[in-house]
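Novice: Contents of data_27.cif (mmCIF, C-alpha atoms) are below:
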data_structure
#
loop_
_atom_site.group_PDB
_atom_site.id
_atom_site.type_symbol
_atom_site.label_atom_id
_atom_site.label_comp_id
_atom_site.auth_asym_id
_atom_site.auth_seq_id
_atom_site.Cartn_x
_atom_site.Cartn_y
_atom_site.Cartn_z
ATOM 1 C CA MET A 27 0.000 0.000 0.000
ATOM 2 C CA SER A 28 1.468 3.356 -1.058
ATOM 3 C CA ALA A 29 2.067 6.201 1.392
ATOM 4 C CA ARG A 30 -0.731 8.260 -0.168
ATOM 5 C CA THR A 31 -3.134 5.311 0.034
ATOM 6 C CA LYS A 32 -2.333 4.936 3.733
ATOM 7 C CA ALA A 33 -2.829 8.673 4.230
ATOM 8 C CA ARG A 34 -6.226 8.560 2.520
ATOM 9 C CA LYS A 35 -7.278 5.576 4.619
ATOM 10 C CA ARG A 36 -6.192 7.375 7.794
ATOM 11 C CA ALA A 37 -8.074 10.536 6.730
ATOM 12 C CA LEU A 38 -11.132 8.380 6.118
ATOM 13 C CA ASP A 39 -10.734 6.880 9.609
ATOM 14 C CA VAL A 40 -10.654 10.342 11.199
ATOM 15 C CA LEU A 41 -13.592 11.712 9.190
ATOM 16 C CA PHE A 42 -15.622 8.523 9.705
ATOM 17 C CA GLU A 43 -15.022 8.688 13.464
ATOM 18 C CA CYS A 44 -16.143 12.320 13.558
ATOM 19 C CA ASP A 45 -19.181 11.550 11.460
ATOM 20 C CA LEU A 46 -20.330 8.773 13.774
ATOM 21 C CA ARG A 47 -19.554 10.584 17.025
ATOM 22 C CA GLY A 48 -20.622 14.038 15.903
ATOM 23 C CA SER A 49 -17.226 15.362 16.944
ATOM 24 C CA ASP A 50 -15.057 18.105 15.486
ATOM 25 C CA ALA A 51 -12.648 16.817 12.825
ATOM 26 C CA ILE A 52 -9.813 19.209 13.631
ATOM 27 C CA GLU A 53 -9.940 18.341 17.341
ATOM 28 C CA THR A 54 -10.082 14.634 16.541
ATOM 29 C CA LEU A 55 -7.163 14.978 14.150
ATOM 30 C CA ALA A 56 -5.165 16.847 16.818
ATOM 31 C CA ARG A 57 -5.890 14.078 19.320
ATOM 32 C CA HIS A 58 -4.665 11.441 16.871
ATOM 33 C CA LEU A 59 -1.564 13.482 16.080
ATOM 34 C CA ALA A 60 -0.776 13.857 19.782
ATOM 35 C CA SER A 61 -1.187 10.162 20.528
ATOM 36 C CA GLY A 62 0.975 9.122 17.589
ATOM 37 C CA ASP A 63 -0.451 5.599 17.677
ATOM 38 C CA PRO A 64 -0.903 4.923 14.881
ATOM 39 C CA THR A 65 1.067 7.667 13.241
ATOM 40 C CA VAL A 66 -0.778 10.240 11.175
ATOM 41 C CA PRO A 67 0.837 10.908 7.780
ATOM 42 C CA GLU A 68 1.300 14.527 6.709
ATOM 43 C CA TYR A 69 -1.013 14.038 3.729
ATOM 44 C CA THR A 70 -3.757 12.882 6.119
ATOM 45 C CA VAL A 71 -3.553 16.299 7.782
ATOM 46 C CA VAL A 72 -3.828 17.988 4.368
ATOM 47 C CA LEU A 73 -6.894 15.915 3.492
ATOM 48 C CA VAL A 74 -8.740 16.347 6.777
ATOM 49 C CA GLU A 75 -8.022 20.081 6.995
ATOM 50 C CA GLY A 76 -8.983 20.501 3.328
ATOM 51 C CA VAL A 77 -12.278 18.671 3.730
ATOM 52 C CA VAL A 78 -13.087 20.754 6.813
ATOM 53 C CA ALA A 79 -12.168 24.022 5.077
ATOM 54 C CA HIS A 80 -14.341 23.291 2.037
ATOM 55 C CA ARG A 81 -16.991 21.089 3.647
ATOM 56 C CA SER A 82 -20.073 23.132 2.797
ATOM 57 C CA ARG A 83 -19.171 23.396 -0.904
ATOM 58 C CA ILE A 84 -18.080 19.751 -1.036
ATOM 59 C CA ASP A 85 -21.352 18.562 0.503
ATOM 60 C CA GLU A 86 -23.349 20.802 -1.833
ATOM 61 C CA LEU A 87 -21.588 19.287 -4.860
ATOM 62 C CA ILE A 88 -21.950 15.718 -3.629
ATOM 63 C CA GLU A 89 -25.677 16.172 -3.124
ATOM 64 C CA GLN A 90 -25.961 17.779 -6.551
ATOM 65 C CA TYR A 91 -24.270 14.867 -8.334
ATOM 66 C CA ALA A 92 -25.441 11.950 -6.175
ATOM 67 C CA VAL A 93 -28.784 11.738 -7.936
ATOM 68 C CA GLY A 94 -31.462 10.314 -5.684
ATOM 69 C CA TRP A 95 -29.230 10.278 -2.594
ATOM 70 C CA THR A 96 -28.958 12.739 0.246
ATOM 71 C CA LEU A 97 -25.832 12.837 2.381
ATOM 72 C CA ASP A 98 -27.798 11.427 5.320
ATOM 73 C CA ARG A 99 -28.891 8.357 3.342
ATOM 74 C CA MET A 100 -25.377 7.466 2.169
ATOM 75 C CA PRO A 101 -23.261 4.987 4.081
ATOM 76 C CA ALA A 102 -20.843 6.988 6.260
ATOM 77 C CA VAL A 103 -17.844 5.440 4.507
ATOM 78 C CA ASP A 104 -19.122 6.501 1.087
ATOM 79 C CA ARG A 105 -20.009 10.000 2.273
ATOM 80 C CA ASN A 106 -16.514 10.572 3.643
ATOM 81 C CA LEU A 107 -14.747 8.958 0.688
ATOM 82 C CA LEU A 108 -16.673 11.330 -1.563
ATOM 83 C CA ARG A 109 -15.649 14.279 0.597
ATOM 84 C CA ILE A 110 -11.980 13.306 0.400
ATOM 85 C CA GLY A 111 -12.209 12.618 -3.334
ATOM 86 C CA ALA A 112 -14.013 15.889 -4.038
ATOM 87 C CA PHE A 113 -11.402 17.828 -2.079
ATOM 88 C CA GLU A 114 -8.563 16.155 -3.964
ATOM 89 C CA LEU A 115 -10.195 16.667 -7.359
ATOM 90 C CA LEU A 116 -11.079 20.305 -6.858
ATOM 91 C CA TRP A 117 -8.523 21.777 -4.458
ATOM 92 C CA ALA A 118 -5.454 19.486 -4.310
ATOM 93 C CA ASP A 119 -3.597 19.664 -7.604
ATOM 94 C CA GLU A 120 -0.666 17.406 -6.720
ATOM 95 C CA THR A 121 -2.518 14.131 -7.362
ATOM 96 C CA PRO A 122 -3.643 13.181 -10.883
ATOM 97 C CA ASP A 123 -7.424 13.036 -11.179
ATOM 98 C CA GLY A 124 -7.400 9.410 -12.355
ATOM 99 C CA VAL A 125 -5.476 8.390 -9.256
ATOM 100 C CA VAL A 126 -7.995 10.174 -7.020
ATOM 101 C CA LEU A 127 -10.880 8.243 -8.585
ATOM 102 C CA SER A 128 -9.030 4.938 -8.501
ATOM 103 C CA GLU A 129 -8.026 5.322 -4.852
ATOM 104 C CA ALA A 130 -11.556 6.265 -3.777
ATOM 105 C CA VAL A 131 -13.076 3.326 -5.661
ATOM 106 C CA ASN A 132 -10.542 0.897 -4.188
ATOM 107 C CA LEU A 133 -11.212 2.107 -0.654
ATOM 108 C CA ALA A 134 -14.957 1.812 -1.279
ATOM 109 C CA ARG A 135 -14.420 -1.736 -2.552
ATOM 110 C CA ASP A 136 -12.405 -2.662 0.541
ATOM 111 C CA LEU A 137 -14.443 -0.864 3.200
ATOM 112 C CA SER A 138 -18.046 -0.372 2.121
ATOM 113 C CA THR A 139 -20.987 -2.088 0.427
ATOM 114 C CA ASP A 140 -20.993 -4.029 -2.830
ATOM 115 C CA ASP A 141 -22.671 -1.097 -4.600
ATOM 116 C CA SER A 142 -20.306 1.521 -3.182
ATOM 117 C CA PRO A 143 -17.443 1.344 -5.704
ATOM 118 C CA ALA A 144 -19.754 2.101 -8.640
ATOM 119 C CA PHE A 145 -21.577 4.808 -6.671
ATOM 120 C CA VAL A 146 -18.368 6.550 -5.554
ATOM 121 C CA ASN A 147 -16.925 6.291 -9.057
ATOM 122 C CA GLY A 148 -20.080 7.728 -10.618
ATOM 123 C CA VAL A 149 -20.271 10.758 -8.336
ATOM 124 C CA LEU A 150 -16.563 11.567 -8.556
ATOM 125 C CA ALA A 151 -16.517 11.010 -12.332
ATOM 126 C CA LYS A 152 -19.361 13.510 -12.693
ATOM 127 C CA LEU A 153 -17.459 16.017 -10.529
ATOM 128 C CA LEU A 154 -14.402 15.478 -12.698
ATOM 129 C CA GLU A 155 -16.449 15.974 -15.871
ATOM 130 C CA GLU A 156 -17.895 19.218 -14.508
ATOM 131 C CA LYS A 157 -14.637 20.369 -12.880
ATOM 132 C CA PRO A 158 -13.805 23.060 -15.466
ATOM 133 C CA SER A 159 -17.148 24.774 -14.941
ATOM 134 C CA LEU A 160 -17.390 24.441 -11.152
ATOM 135 C CA VAL A 161 -16.806 27.491 -9.021
ATOM 136 C CA VAL A 162 -14.860 26.379 -5.987
#
In structure tokens, how does this file's structure come out?
Specialist:
Amino acid sequence: MSARTKARKRALDVLFECDLRGSDAIETLARHLASGDPTVPEYTVVLVEGVVAHRSRIDELIEQYAVGWTLDRMPAVDRNLLRIGAFELLWADETPDGVVLSEAVNLARDLSTDDSPAFVNGVLAKLLEEKPSLVV
């Protein structure tokens, strides 16, 4: 597993935890950083802070492109994978778009429902298609 894959998985762990507990992501991230067990990769910090900084726009876009699904109806893993993927596609230029989609789909395959990989791929692919016209 690559370093970036591990960082994405760790970011998903933090965001998933916050989602289920209703806790603040930055505080949870700080707690994980302080404990150091397991270690928190630098890119995890970038992802979590980026999702938090752009959360309202990210959620708006996910709901727009997840036809027939509200954020509340989505599995928590899918919801947070989409948030990470949307942040990477729209605000983090260092990762190629194809890699972002592939990583999100693979994590969905490993961690969520049987339908999740296709769902995550479909929403992120639509965001990618619309990326040039989106105001972020």
Novice: A:Ala151, A:Val40, A:Leu73, A:Met100: which is nearest Ser128 in chain A, counting only C-alpha atoms?
Specialist: A:Ala151
Novice: Env of range 75-91 of chain A: 9 Å cut, atoms = only C-alpha atoms, seq-sep filter 4 positions within chain, self excluded. Answer as a PyMOL selection string.
Specialist: chain A and resi 41+51-52+55+70-71+95-97+105+108-110+112-114+117-118+148-150+152-153+162
Novice: Using only C-alpha atoms, find each residue in range 62-111 of chain A having at least one atom no more than 9 Å away from range 132-136 of chain A; report its shortest atom-to-atom pair and that distance in Å (one decimal), rows by chain then rising number, as JSON lines.
Specialist:
{"residue": "A:Val103", "atom": "CA", "partner": "A:Ala134", "partner_atom": "CA", "distance": 7.4}
{"residue": "A:Asp104", "atom": "CA", "partner": "A:Ala134", "partner_atom": "CA", "distance": 6.7}
{"residue": "A:Leu107", "atom": "CA", "partner": "A:Ala134", "partner_atom": "CA", "distance": 7.4}
Novice: Tell me, in Å to one decimal, how far CA of Asp39 in chain A is from CA of Asn147 in chain A.
Specialist: 19.7 Å
Novice: Counting all atoms listed in the file, figure out which residue out of A:Thr54, A:Gly48, A:Arg34, A:Tyr69 gets nearest to Ala130 in chain A.
Specialist: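 So, comparing all the options, the nearest one is A:Arg34.
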Novice: Rounded to one decimal place, report the CA of Ala56 in chain A-CA of Lys35 in chain A distance in Å.
Specialist: 16.7 Å
Novice: For a test of reading the model, state the distance in Å between CA of Ala33 in chain A and CA of Asp50 in chain A, rounded to one decimal.
Specialist: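 CA of Ala33 in chain A sits 19.1 Å away from CA of Asp50 in chain A.
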Novice: When distances are computed from all atoms listed in the file, which of A:Arg30, A:Ala92, A:Pro122, A:Val72 shows the smallest separation from Ala144 in chain A?
Specialist: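 Counting all atoms listed in the file, the residue closest to Ala144 in chain A is A:Ala92.
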Novice: For Leu154 in chain A, find every residue with an atom within 10 Å (counting all atoms listed in the file), except residues of its own chain fewer than 5 positions away, and show them as a list in words.
Specialist: Ala112, Leu115, Leu116, Asp123, Gly124, Leu127, Gly148, Val149, Ser159 and Leu160 of chain A
